[in-house]
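The next block is work-v9.tsv, given as TSV, C-alpha atoms.
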```
chain	number	residue	atom	x	y	z
T	26	MET	CA	-21.02	22.29	-9.46
T	27	ASP	CA	-23.02	19.59	-7.73
T	28	GLU	CA	-24.68	18.74	-11.05
T	29	LEU	CA	-21.26	18.52	-12.74
T	30	LEU	CA	-20.10	16.15	-10.01
T	31	LYS	CA	-23.19	14.00	-10.51
T	32	ASN	CA	-22.48	13.77	-14.25
T	33	TYR	CA	-18.85	12.88	-13.59
T	34	LEU	CA	-19.74	10.09	-11.14
T	35	GLU	CA	-22.18	8.69	-13.69
T	36	PHE	CA	-19.37	8.74	-16.26
T	37	LEU	CA	-17.09	6.78	-13.89
T	38	THR	CA	-19.80	4.18	-13.31
T	39	VAL	CA	-21.18	3.77	-16.82
T	40	GLU	CA	-18.30	4.64	-19.15
T	41	ARG	CA	-15.29	3.52	-17.14
T	42	GLY	CA	-17.02	0.71	-15.27
T	43	LEU	CA	-15.41	1.52	-11.91
T	44	SER	CA	-16.58	-0.31	-8.81
T	45	LYS	CA	-19.06	1.22	-6.36
T	46	ASN	CA	-16.33	1.57	-3.72
T	47	THR	CA	-14.00	3.42	-6.10
T	48	VAL	CA	-16.77	5.76	-7.28
T	49	ASN	CA	-17.71	6.50	-3.65
T	50	SER	CA	-14.07	7.33	-2.93
T	51	TYR	CA	-14.02	9.87	-5.81
T	52	LYS	CA	-17.35	11.24	-4.58
T	53	ARG	CA	-16.05	11.86	-1.04
T	54	ASP	CA	-12.88	13.56	-2.24
T	55	LEU	CA	-14.65	15.80	-4.75
T	56	LYS	CA	-17.51	16.73	-2.40
T	57	SER	CA	-14.91	17.90	0.10
T	58	TYR	CA	-13.17	19.92	-2.64
T	59	ILE	CA	-16.43	21.51	-3.82
T	60	SER	CA	-17.30	22.42	-0.21
T	61	PHE	CA	-13.93	24.16	0.01
T	62	LEU	CA	-14.68	26.11	-3.19
T	63	LYS	CA	-18.05	27.23	-1.83
T	64	MET	CA	-16.37	28.40	1.39
T	65	GLN	CA	-14.09	30.49	-0.83
T	66	LYS	CA	-17.25	31.99	-2.45
T	67	ILE	CA	-16.47	30.21	-5.72
T	68	ASN	CA	-19.69	28.97	-7.30
T	69	ASP	CA	-18.53	28.60	-10.90
T	70	ILE	CA	-16.09	25.81	-11.75
T	71	ASN	CA	-14.64	28.03	-14.51
T	72	SER	CA	-13.44	30.43	-11.83
T	73	THR	CA	-11.08	27.90	-10.22
T	74	THR	CA	-7.36	28.27	-10.72
T	75	ARG	CA	-4.23	26.24	-10.03
T	76	THR	CA	-3.59	28.45	-6.99
T	77	ILE	CA	-7.01	27.60	-5.53
T	78	ILE	CA	-6.38	23.86	-5.96
T	79	VAL	CA	-2.92	24.07	-4.36
T	80	SER	CA	-4.48	26.06	-1.52
T	81	TYR	CA	-6.99	23.25	-0.96
T	82	LEU	CA	-4.25	20.60	-0.88
T	83	LEU	CA	-2.26	22.70	1.60
T	84	THR	CA	-5.37	23.03	3.77
T	85	MET	CA	-5.61	19.23	3.83
T	86	GLN	CA	-1.96	19.07	4.86
T	87	LYS	CA	-2.48	21.57	7.70
T	88	LYS	CA	-5.37	19.46	8.96
T	89	GLY	CA	-2.95	16.57	9.34
T	90	LYS	CA	-4.28	14.48	6.44
T	91	ALA	CA	-2.00	11.65	5.37
T	92	SER	CA	0.02	12.24	2.21
T	93	SER	CA	-1.76	9.23	0.65
T	94	SER	CA	-5.13	10.98	1.23
T	95	ILE	CA	-3.82	14.23	-0.27
T	96	SER	CA	-2.40	12.39	-3.27
T	97	ARG	CA	-5.69	10.57	-3.82
T	98	ALA	CA	-7.64	13.86	-3.62
T	99	CYS	CA	-5.25	15.46	-6.10
T	100	ALA	CA	-5.74	12.56	-8.53
T	101	ALA	CA	-9.54	12.83	-8.17
T	102	ILE	CA	-9.48	16.58	-8.84
T	103	LYS	CA	-7.26	16.12	-11.92
T	104	SER	CA	-9.56	13.43	-13.28
T	105	PHE	CA	-12.62	15.62	-12.64
T	106	TYR	CA	-11.18	18.56	-14.60
T	107	HIS	CA	-10.05	16.24	-17.39
T	108	PHE	CA	-13.65	15.03	-17.70
T	109	LEU	CA	-14.96	18.63	-17.75
T	110	MET	CA	-12.49	19.53	-20.51
T	111	MET	CA	-13.45	16.44	-22.49
T	112	GLU	CA	-17.11	17.39	-22.23
T	113	ARG	CA	-16.23	21.04	-23.07
T	114	LEU	CA	-17.79	22.25	-19.83
T	115	ILE	CA	-14.74	24.37	-18.96
T	116	GLU	CA	-12.46	26.44	-21.14
T	117	LYS	CA	-9.15	25.75	-19.39
T	118	ASP	CA	-7.81	22.92	-17.22
T	119	PRO	CA	-6.22	24.42	-14.07
T	120	THR	CA	-4.60	21.09	-13.12
T	121	ILE	CA	-2.16	21.06	-16.05
T	122	ASN	CA	1.39	20.78	-14.62
T	123	LEU	CA	-0.05	20.33	-11.13
T	124	ASP	CA	2.32	18.00	-9.29
T	125	THR	CA	0.87	15.19	-7.21
T	126	PRO	CA	2.34	15.32	-3.68
T	127	LYS	CA	5.07	12.75	-3.10
T	128	LEU	CA	3.92	9.83	-1.00
T	129	GLU	CA	5.62	8.63	2.14
T	130	HIS	CA	6.16	5.02	1.18
T	131	ARG	CA	5.13	3.17	4.29
T	132	LEU	CA	5.81	-0.53	3.93
T	133	PRO	CA	2.73	-2.70	4.42
T	134	ARG	CA	2.65	-4.96	7.46
T	135	VAL	CA	3.15	-8.63	6.67
T	136	LEU	CA	2.92	-11.80	8.73
T	137	THR	CA	5.72	-14.32	9.09
T	138	LEU	CA	5.10	-17.86	7.85
T	139	SER	CA	4.55	-19.05	11.43
T	140	GLU	CA	2.06	-16.22	12.08
T	141	VAL	CA	0.15	-17.12	8.90
T	142	GLU	CA	-0.01	-20.76	10.04
T	143	LEU	CA	-1.21	-19.66	13.48
T	144	LEU	CA	-3.92	-17.40	12.02
T	145	LEU	CA	-5.14	-19.99	9.52
T	146	ASN	CA	-5.42	-22.64	12.22
T	147	GLN	CA	-7.80	-20.62	14.44
T	148	PRO	CA	-11.22	-21.41	12.86
T	149	ASP	CA	-13.05	-24.42	14.30
T	150	THR	CA	-13.70	-26.52	11.19
T	151	SER	CA	-16.07	-28.85	13.07
T	152	VAL	CA	-18.83	-26.22	12.70
T	153	ILE	CA	-20.03	-24.81	9.37
T	154	TRP	CA	-19.14	-21.20	10.25
T	155	GLY	CA	-15.61	-22.19	11.17
T	156	PHE	CA	-15.19	-24.26	8.01
T	157	ARG	CA	-16.37	-21.32	5.88
T	158	ASP	CA	-13.93	-18.98	7.67
T	159	LYS	CA	-11.05	-21.44	7.29
T	160	THR	CA	-11.78	-21.75	3.56
T	161	MET	CA	-11.85	-17.96	3.13
T	162	LEU	CA	-8.56	-17.45	4.96
T	163	GLU	CA	-6.85	-20.27	3.06
T	164	LEU	CA	-8.12	-18.86	-0.25
T	165	LEU	CA	-6.96	-15.32	0.56
T	166	TYR	CA	-3.46	-16.47	1.43
T	167	ALA	CA	-3.32	-18.90	-1.51
T	168	THR	CA	-4.24	-16.29	-4.12
T	169	GLY	CA	-3.52	-12.80	-2.75
T	170	ILE	CA	-6.89	-11.53	-4.00
T	171	ARG	CA	-8.45	-8.44	-2.44
T	172	VAL	CA	-11.20	-8.83	0.15
T	173	SER	CA	-13.55	-6.91	-2.19
T	174	GLU	CA	-12.82	-9.59	-4.82
T	175	LEU	CA	-13.20	-12.46	-2.34
T	176	ILE	CA	-16.73	-11.53	-1.30
T	177	MET	CA	-17.86	-11.21	-4.94
T	178	ILE	CA	-16.58	-14.60	-6.14
T	179	LYS	CA	-19.26	-16.93	-7.43
T	180	VAL	CA	-19.23	-20.71	-7.30
T	181	GLU	CA	-18.94	-20.78	-11.10
T	182	ASP	CA	-15.68	-18.78	-10.85
T	183	ILE	CA	-13.90	-21.69	-9.16
T	184	ASN	CA	-12.33	-24.49	-11.22
T	185	ILE	CA	-11.30	-27.19	-8.74
T	186	GLU	CA	-9.95	-29.58	-11.39
T	187	MET	CA	-7.71	-27.01	-13.08
T	188	GLY	CA	-6.76	-25.28	-9.82
T	189	PHE	CA	-7.75	-21.75	-10.85
T	190	LEU	CA	-10.23	-19.07	-9.90
T	191	ARG	CA	-11.57	-16.16	-11.91
T	192	CYS	CA	-12.03	-12.80	-10.25
T	193	PHE	CA	-12.80	-9.24	-11.27
T	194	GLY	CA	-10.51	-6.53	-9.92
T	195	LYS	CA	-10.46	-2.75	-10.14
T	196	GLY	CA	-12.22	-1.43	-13.21
T	197	SER	CA	-13.96	-4.82	-13.57
T	198	LYS	CA	-10.76	-6.28	-15.08
T	199	GLU	CA	-10.92	-10.06	-15.21
T	200	ARG	CA	-7.93	-12.18	-14.22
T	201	ILE	CA	-7.25	-15.86	-13.65
T	202	VAL	CA	-5.35	-16.76	-10.48
T	203	PRO	CA	-3.85	-20.16	-9.54
T	204	VAL	CA	-5.04	-21.75	-6.28
T	205	GLY	CA	-2.83	-24.01	-4.14
T	206	SER	CA	-3.67	-27.60	-3.21
T	207	VAL	CA	-4.49	-26.86	0.46
T	208	ALA	CA	-7.02	-24.15	-0.42
T	209	LEU	CA	-8.49	-26.35	-3.18
T	210	LYS	CA	-9.09	-29.16	-0.69
T	211	TYR	CA	-11.12	-26.85	1.57
T	212	LEU	CA	-12.92	-25.26	-1.38
T	213	ASP	CA	-14.01	-28.64	-2.70
T	214	LYS	CA	-15.55	-29.67	0.62
T	215	TYR	CA	-17.01	-26.22	1.27
T	216	ILE	CA	-18.76	-26.01	-2.12
T	217	ASN	CA	-20.16	-29.54	-2.07
T	218	LEU	CA	-20.94	-30.15	1.60
T	219	ILE	CA	-20.83	-26.95	3.66
T	220	ARG	CA	-22.17	-24.16	1.45
T	221	PRO	CA	-25.57	-25.86	0.84
T	222	LYS	CA	-26.19	-25.59	4.61
T	223	PHE	CA	-25.98	-21.78	4.37
T	224	LEU	CA	-28.60	-21.51	1.65
T	225	ARG	CA	-31.93	-19.98	2.61
T	226	GLY	CA	-34.17	-20.62	-0.37
T	227	GLN	CA	-32.93	-18.91	-3.53
T	228	ASP	CA	-29.26	-19.38	-4.44
T	229	ASN	CA	-27.57	-16.14	-5.58
T	230	GLY	CA	-24.44	-17.99	-6.70
T	231	ILE	CA	-22.11	-16.08	-4.33
T	232	LEU	CA	-19.44	-18.42	-2.96
T	233	PHE	CA	-19.17	-17.27	0.66
T	234	LEU	CA	-22.49	-16.73	2.43
T	235	ASN	CA	-23.60	-15.34	5.80
T	236	HIS	CA	-26.20	-16.85	8.14
T	237	GLN	CA	-28.99	-15.27	6.04
T	238	GLY	CA	-27.78	-16.98	2.88
T	239	LYS	CA	-26.52	-13.69	1.43
T	240	GLY	CA	-23.03	-12.59	0.45
T	241	LEU	CA	-20.66	-11.33	3.12
T	242	THR	CA	-19.74	-7.65	3.35
T	243	ARG	CA	-16.19	-6.31	3.67
T	244	GLN	CA	-17.05	-5.17	7.20
T	245	GLY	CA	-18.31	-8.66	8.01
T	246	PHE	CA	-15.07	-10.24	6.84
T	247	TRP	CA	-13.02	-7.62	8.71
T	248	LYS	CA	-14.73	-8.66	11.96
T	249	ILE	CA	-13.95	-12.31	11.20
T	250	ILE	CA	-10.23	-11.82	10.57
T	251	ARG	CA	-9.88	-9.50	13.58
T	252	LYS	CA	-11.51	-12.12	15.82
T	253	TYR	CA	-9.07	-14.83	14.73
T	254	ALA	CA	-6.05	-12.52	15.03
T	255	GLN	CA	-7.01	-11.78	18.64
T	256	LYS	CA	-7.62	-15.47	19.31
T	257	ALA	CA	-4.18	-16.30	17.88
T	258	GLY	CA	-2.55	-13.64	20.08
T	259	ILE	CA	-0.96	-11.91	17.08
T	260	GLU	CA	0.01	-8.44	18.26
T	261	LYS	CA	0.65	-6.97	14.81
T	262	GLN	CA	-2.11	-4.73	13.50
T	263	ILE	CA	-3.96	-6.90	11.00
T	264	THR	CA	-6.20	-5.55	8.26
T	265	PRO	CA	-8.16	-7.43	5.59
T	266	HIS	CA	-5.22	-6.70	3.24
T	267	THR	CA	-2.62	-8.32	5.52
T	268	LEU	CA	-2.87	-11.78	3.93
T	269	ARG	CA	-2.58	-10.18	0.46
T	270	HIS	CA	0.60	-8.38	1.53
T	271	SER	CA	1.95	-11.57	3.10
T	272	PHE	CA	1.13	-13.60	-0.03
T	273	ALA	CA	3.13	-11.23	-2.26
T	274	THR	CA	6.07	-10.92	0.11
T	275	HIS	CA	6.40	-14.68	0.69
T	276	LEU	CA	6.28	-15.37	-3.07
T	277	LEU	CA	9.10	-12.89	-3.75
T	278	GLU	CA	11.15	-14.19	-0.81
T	279	ASN	CA	10.96	-17.65	-2.33
T	280	GLY	CA	12.09	-16.59	-5.79
T	281	ALA	CA	8.93	-15.60	-7.69
T	282	ASP	CA	9.51	-13.02	-10.42
T	283	LEU	CA	7.96	-9.58	-10.09
T	284	ARG	CA	5.90	-9.78	-13.32
T	285	SER	CA	4.15	-12.99	-12.22
T	286	VAL	CA	3.32	-11.51	-8.81
T	287	GLN	CA	2.00	-8.37	-10.55
T	288	GLU	CA	-0.32	-10.53	-12.68
T	289	MET	CA	-1.59	-12.50	-9.69
T	290	LEU	CA	-2.24	-9.36	-7.64
T	291	GLY	CA	-3.96	-7.61	-10.54
T	292	HIS	CA	-1.76	-4.50	-10.35
T	293	ALA	CA	-2.06	-2.29	-13.41
T	294	ASP	CA	1.41	-0.81	-12.79
T	295	ILE	CA	4.42	-2.88	-11.75
T	296	SER	CA	5.63	0.00	-9.56
T	297	THR	CA	2.79	-0.88	-7.17
T	298	THR	CA	4.12	-4.43	-6.89
T	299	GLN	CA	7.70	-3.24	-6.38
T	300	ILE	CA	6.95	-2.08	-2.83
T	301	TYR	CA	7.09	-5.75	-1.81
T	302	THR	CA	10.71	-5.97	-2.98
T	303	HIS	CA	11.50	-3.26	-0.41
T	304	ILE	CA	10.02	-5.49	2.30
T	305	THR	CA	12.12	-8.47	1.26
T	306	ARG	CA	15.25	-6.29	1.13
T	307	SER	CA	14.46	-4.97	4.62
T	308	LYS	CA	14.18	-8.53	5.90
T	309	ILE	CA	17.48	-9.56	4.27
T	310	LYS	CA	19.21	-6.57	5.90
T	311	GLU	CA	17.66	-7.46	9.26
T	312	VAL	CA	18.94	-11.06	9.00
T	313	TYR	CA	22.39	-9.80	7.97
T	314	ASP	CA	22.61	-7.35	10.86
T	315	ARG	CA	21.55	-10.04	13.31
T	316	THR	CA	23.83	-12.83	12.08
T	317	HIS	CA	27.00	-11.42	10.50
T	318	PRO	CA	29.89	-11.07	13.00
T	319	ARG	CA	30.98	-7.76	11.44
T	320	ALA	CA	27.57	-6.30	10.70
```
Structure rendered as structure tokens:
Amino acid sequence: MDELLKNYLEFLTVERGLSKNTVNSYKRDLKSYISFLKMQKINDINSTTRTIIVSYLLTMQKKGKASSSISRACAAIKSFYHFLMMERLIEKDPTINLDTPKLEHRLPRVLTLSEVELLLNQPDTSVIWGFRDKTMLELLYATGIRVSELIMIKVEDINIEMGFLRCFGKGSKERIVPVGSVALKYLDKYINLIRPKFLRGQDNGILFLNHQGKGLTRQGFWKIIRKYAQKAGIEKQITPHTLRHSFATHLLENGADLRSVQEMLGHADISTTQIYTHITRSKIKEVYDRTHPRA
């Protein structure tokens, strides 16, 4: 089974072109599933049944795993068996008609406009590190791109004159995203005056560099945004995705159409974007309850 998993992960990387992070996520979920099978004394993938898979998902539930984690594991298992059927490595797919557990739709946390302003004003732009951080935060809020996309952007992906950037999302899908005037102003100065000071010999083309002249990691950026959130005294739990959520919500609150926001976020399915309409509705209801005399 371990060899089958190895072949499947290679298929995801080579054939489907999924990112390293996504492939690692599939790997973790399926390794856990295979460990469960071995504990059940099942050493042949052909011996698995729908009942066994449901039993595994229930075990996850009993361990207190979030419904999002269970749903993701279920999707990984389905995809794995689909691959095995396609390669004719199994005779029957036990995941046919297997329902994915319903997710508890928890609304993402977003910042108010004043909180965004407060956060974005924290970096000290008189030093090169602070100017880099300010540019990153402005760009994230201006475009709504993912942190994984931010750290992979190259200088050549930015078009200052046209006001656009090119990035590669999930599945290496390319998209063009507009950039606002404030972020463009910082990008222009960062690229021409600040970034050269980060270079240590060879230039790898990555836009945002660390003190070694290499690209930042997601963990490195997470530390940066957490530091500024604490400095700003923002009590809300902030994650690297918070500015992305805030970007989408503020666009919809100000009249942007759902399809355009979907395109900018790089969502394959518009239902993923629709969660932000729930946030704006919640805010409208909150304002109504607080201000209407007969609420």
Legend entry - Non-local contacts of stretch 235-252 of chain T (12 Å; all atoms listed in the file; under 6 positions in same chain excluded) as number ranges by chain: T: 46, 141, 144-148, 153-155, 157-159, 161-163, 165, 171-180, 220-229, 258-268
Inset, instruction - With a distance cut-off of 9 Å and only C-alpha atoms, select the neighbouring residues of stretch 106-118 of chain T, excluding the residue or stretch itself and same-chain residues fewer than 2 positions from it, and output the selection as a ChimeraX atom specification. - result: /T:29,33,36,70-71,74-75,101-104,120-121
Legend entry - Residue nearest T:Ile185 among T:Leu143, T:Val152, T:Met289, T:Ala208 (counting all atoms listed in the file):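 Checking each candidate against T:Ile185, we get T:Ala208 as the closest.
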Skip T:Gly42 itself and residues of its chain fewer than 4 positions away, then list as a JSON list (two decimals) with C-alpha atoms, in the coordinates of the input all residues within 12 Å of it, counting only C-alpha atoms.
```json
[["chain", "number", "residue", "atom", "x", "y", "z"],
["T", 34, "LEU", "CA", -19.74, 10.09, -11.14],
["T", 35, "GLU", "CA", -22.18, 8.69, -13.69],
["T", 36, "PHE", "CA", -19.37, 8.74, -16.26],
["T", 37, "LEU", "CA", -17.09, 6.78, -13.89],
["T", 38, "THR", "CA", -19.80, 4.18, -13.31],
["T", 46, "ASN", "CA", -16.33, 1.57, -3.72],
["T", 47, "THR", "CA", -14.00, 3.42, -6.10],
["T", 48, "VAL", "CA", -16.77, 5.76, -7.28],
["T", 193, "PHE", "CA", -12.80, -9.24, -11.27],
["T", 194, "GLY", "CA", -10.51, -6.53, -9.92],
["T", 195, "LYS", "CA", -10.46, -2.75, -10.14],
["T", 196, "GLY", "CA", -12.22, -1.43, -13.21],
["T", 197, "SER", "CA", -13.96, -4.82, -13.57],
["T", 198, "LYS", "CA", -10.76, -6.28, -15.08]]
```
Extending 6 Å beyond the listed atoms of stretch 142-149 of chain T on each side, what axis-aligned box results? I want centre and edge lengths in Å to one decimal, as lines of an AutoDock Vina configuration file.
```
center_x = -6.5
center_y = -20.9
center_z = 12.0
size_x = 25.0
size_y = 19.0
size_z = 16.9
```
Legend entry - Length of the atom CA of T:Ile78 to atom CA of T:Leu62 vector [Å]: 9.0 Å
Inset, instruction - Would you mind telling me which residue in T:Cys192, T:Ile183, T:Leu277, T:Ala257 lies nearest to T:Leu209 when using only C-alpha atoms? - result: T:Ile183
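From atom CA of T:Ile216 back to atom CA of T:Lys256, the distance works out to 26.4 Å.
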Please, could N, CA and C atoms be added to stretch 53-86 of chain T and the result written as a CSV table (one decimal), in the coordinates of the input?
```csv
chain,number,residue,atom,x,y,z
T,53,ARG,N,-16.4,11.2,-2.3
T,53,ARG,CA,-16.0,11.9,-1.0
T,53,ARG,C,-15.0,12.9,-1.2
T,54,ASP,N,-14.0,12.6,-2.0
T,54,ASP,CA,-12.9,13.6,-2.2
T,54,ASP,C,-13.4,14.8,-2.9
T,55,LEU,N,-14.2,14.6,-4.0
T,55,LEU,CA,-14.6,15.8,-4.8
T,55,LEU,C,-15.7,16.6,-4.0
T,56,LYS,N,-16.5,16.0,-3.2
T,56,LYS,CA,-17.5,16.7,-2.4
T,56,LYS,C,-16.8,17.6,-1.4
T,57,SER,N,-15.7,17.1,-0.8
T,57,SER,CA,-14.9,17.9,0.1
T,57,SER,C,-14.3,19.1,-0.6
T,58,TYR,N,-13.8,18.8,-1.8
T,58,TYR,CA,-13.2,19.9,-2.6
T,58,TYR,C,-14.2,21.0,-3.0
T,59,ILE,N,-15.4,20.6,-3.4
T,59,ILE,CA,-16.4,21.5,-3.8
T,59,ILE,C,-16.9,22.3,-2.6
T,60,SER,N,-17.0,21.7,-1.4
T,60,SER,CA,-17.3,22.4,-0.2
T,60,SER,C,-16.3,23.5,0.1
T,61,PHE,N,-15.0,23.2,-0.2
T,61,PHE,CA,-13.9,24.2,0.0
T,61,PHE,C,-14.1,25.3,-0.9
T,62,LEU,N,-14.5,25.0,-2.2
T,62,LEU,CA,-14.7,26.1,-3.2
T,62,LEU,C,-15.8,27.0,-2.8
T,63,LYS,N,-16.9,26.4,-2.3
T,63,LYS,CA,-18.0,27.2,-1.8
T,63,LYS,C,-17.7,28.1,-0.6
T,64,MET,N,-16.8,27.6,0.2
T,64,MET,CA,-16.4,28.4,1.4
T,64,MET,C,-15.5,29.6,0.9
T,65,GLN,N,-14.9,29.4,-0.2
T,65,GLN,CA,-14.1,30.5,-0.8
T,65,GLN,C,-14.9,31.4,-1.7
T,66,LYS,N,-16.3,31.2,-1.7
T,66,LYS,CA,-17.2,32.0,-2.4
T,66,LYS,C,-17.1,31.8,-3.9
T,67,ILE,N,-16.6,30.6,-4.3
T,67,ILE,CA,-16.5,30.2,-5.7
T,67,ILE,C,-17.6,29.3,-6.1
T,68,ASN,N,-18.5,29.7,-6.9
T,68,ASN,CA,-19.7,29.0,-7.3
T,68,ASN,C,-19.7,28.6,-8.8
T,69,ASP,N,-18.6,29.0,-9.5
T,69,ASP,CA,-18.5,28.6,-10.9
T,69,ASP,C,-17.2,27.9,-11.1
T,70,ILE,N,-17.3,26.6,-11.6
T,70,ILE,CA,-16.1,25.8,-11.8
T,70,ILE,C,-15.1,26.5,-12.7
T,71,ASN,N,-15.6,27.3,-13.6
T,71,ASN,CA,-14.6,28.0,-14.5
T,71,ASN,C,-13.8,29.1,-13.8
T,72,SER,N,-14.2,29.4,-12.6
T,72,SER,CA,-13.4,30.4,-11.8
T,72,SER,C,-12.3,29.8,-11.0
T,73,THR,N,-12.2,28.5,-11.0
T,73,THR,CA,-11.1,27.9,-10.2
T,73,THR,C,-9.8,28.0,-10.9
T,74,THR,N,-8.7,28.1,-10.2
T,74,THR,CA,-7.4,28.3,-10.7
T,74,THR,C,-6.4,27.2,-10.1
T,75,ARG,N,-5.2,27.1,-10.6
T,75,ARG,CA,-4.2,26.2,-10.0
T,75,ARG,C,-3.9,26.7,-8.6
T,76,THR,N,-3.9,27.9,-8.3
T,76,THR,CA,-3.6,28.4,-7.0
T,76,THR,C,-4.6,28.0,-6.0
T,77,ILE,N,-5.9,28.0,-6.4
T,77,ILE,CA,-7.0,27.6,-5.5
T,77,ILE,C,-6.9,26.1,-5.2
T,78,ILE,N,-6.5,25.3,-6.2
T,78,ILE,CA,-6.4,23.9,-6.0
T,78,ILE,C,-5.2,23.6,-5.0
T,79,VAL,N,-4.1,24.2,-5.2
T,79,VAL,CA,-2.9,24.1,-4.4
T,79,VAL,C,-3.3,24.5,-2.9
T,80,SER,N,-4.0,25.6,-2.8
T,80,SER,CA,-4.5,26.1,-1.5
T,80,SER,C,-5.3,25.0,-0.8
T,81,TYR,N,-6.2,24.3,-1.5
T,81,TYR,CA,-7.0,23.2,-1.0
T,81,TYR,C,-6.1,22.1,-0.5
T,82,LEU,N,-5.1,21.7,-1.3
T,82,LEU,CA,-4.2,20.6,-0.9
T,82,LEU,C,-3.4,21.0,0.3
T,83,LEU,N,-3.0,22.2,0.4
T,83,LEU,CA,-2.3,22.7,1.6
T,83,LEU,C,-3.1,22.7,2.9
T,84,THR,N,-4.4,23.0,2.7
T,84,THR,CA,-5.4,23.0,3.8
T,84,THR,C,-5.5,21.6,4.3
T,85,MET,N,-5.6,20.6,3.4
T,85,MET,CA,-5.6,19.2,3.8
T,85,MET,C,-4.4,18.9,4.6
T,86,GLN,N,-3.2,19.3,4.2
T,86,GLN,CA,-2.0,19.1,4.9
T,86,GLN,C,-1.9,19.7,6.3
```
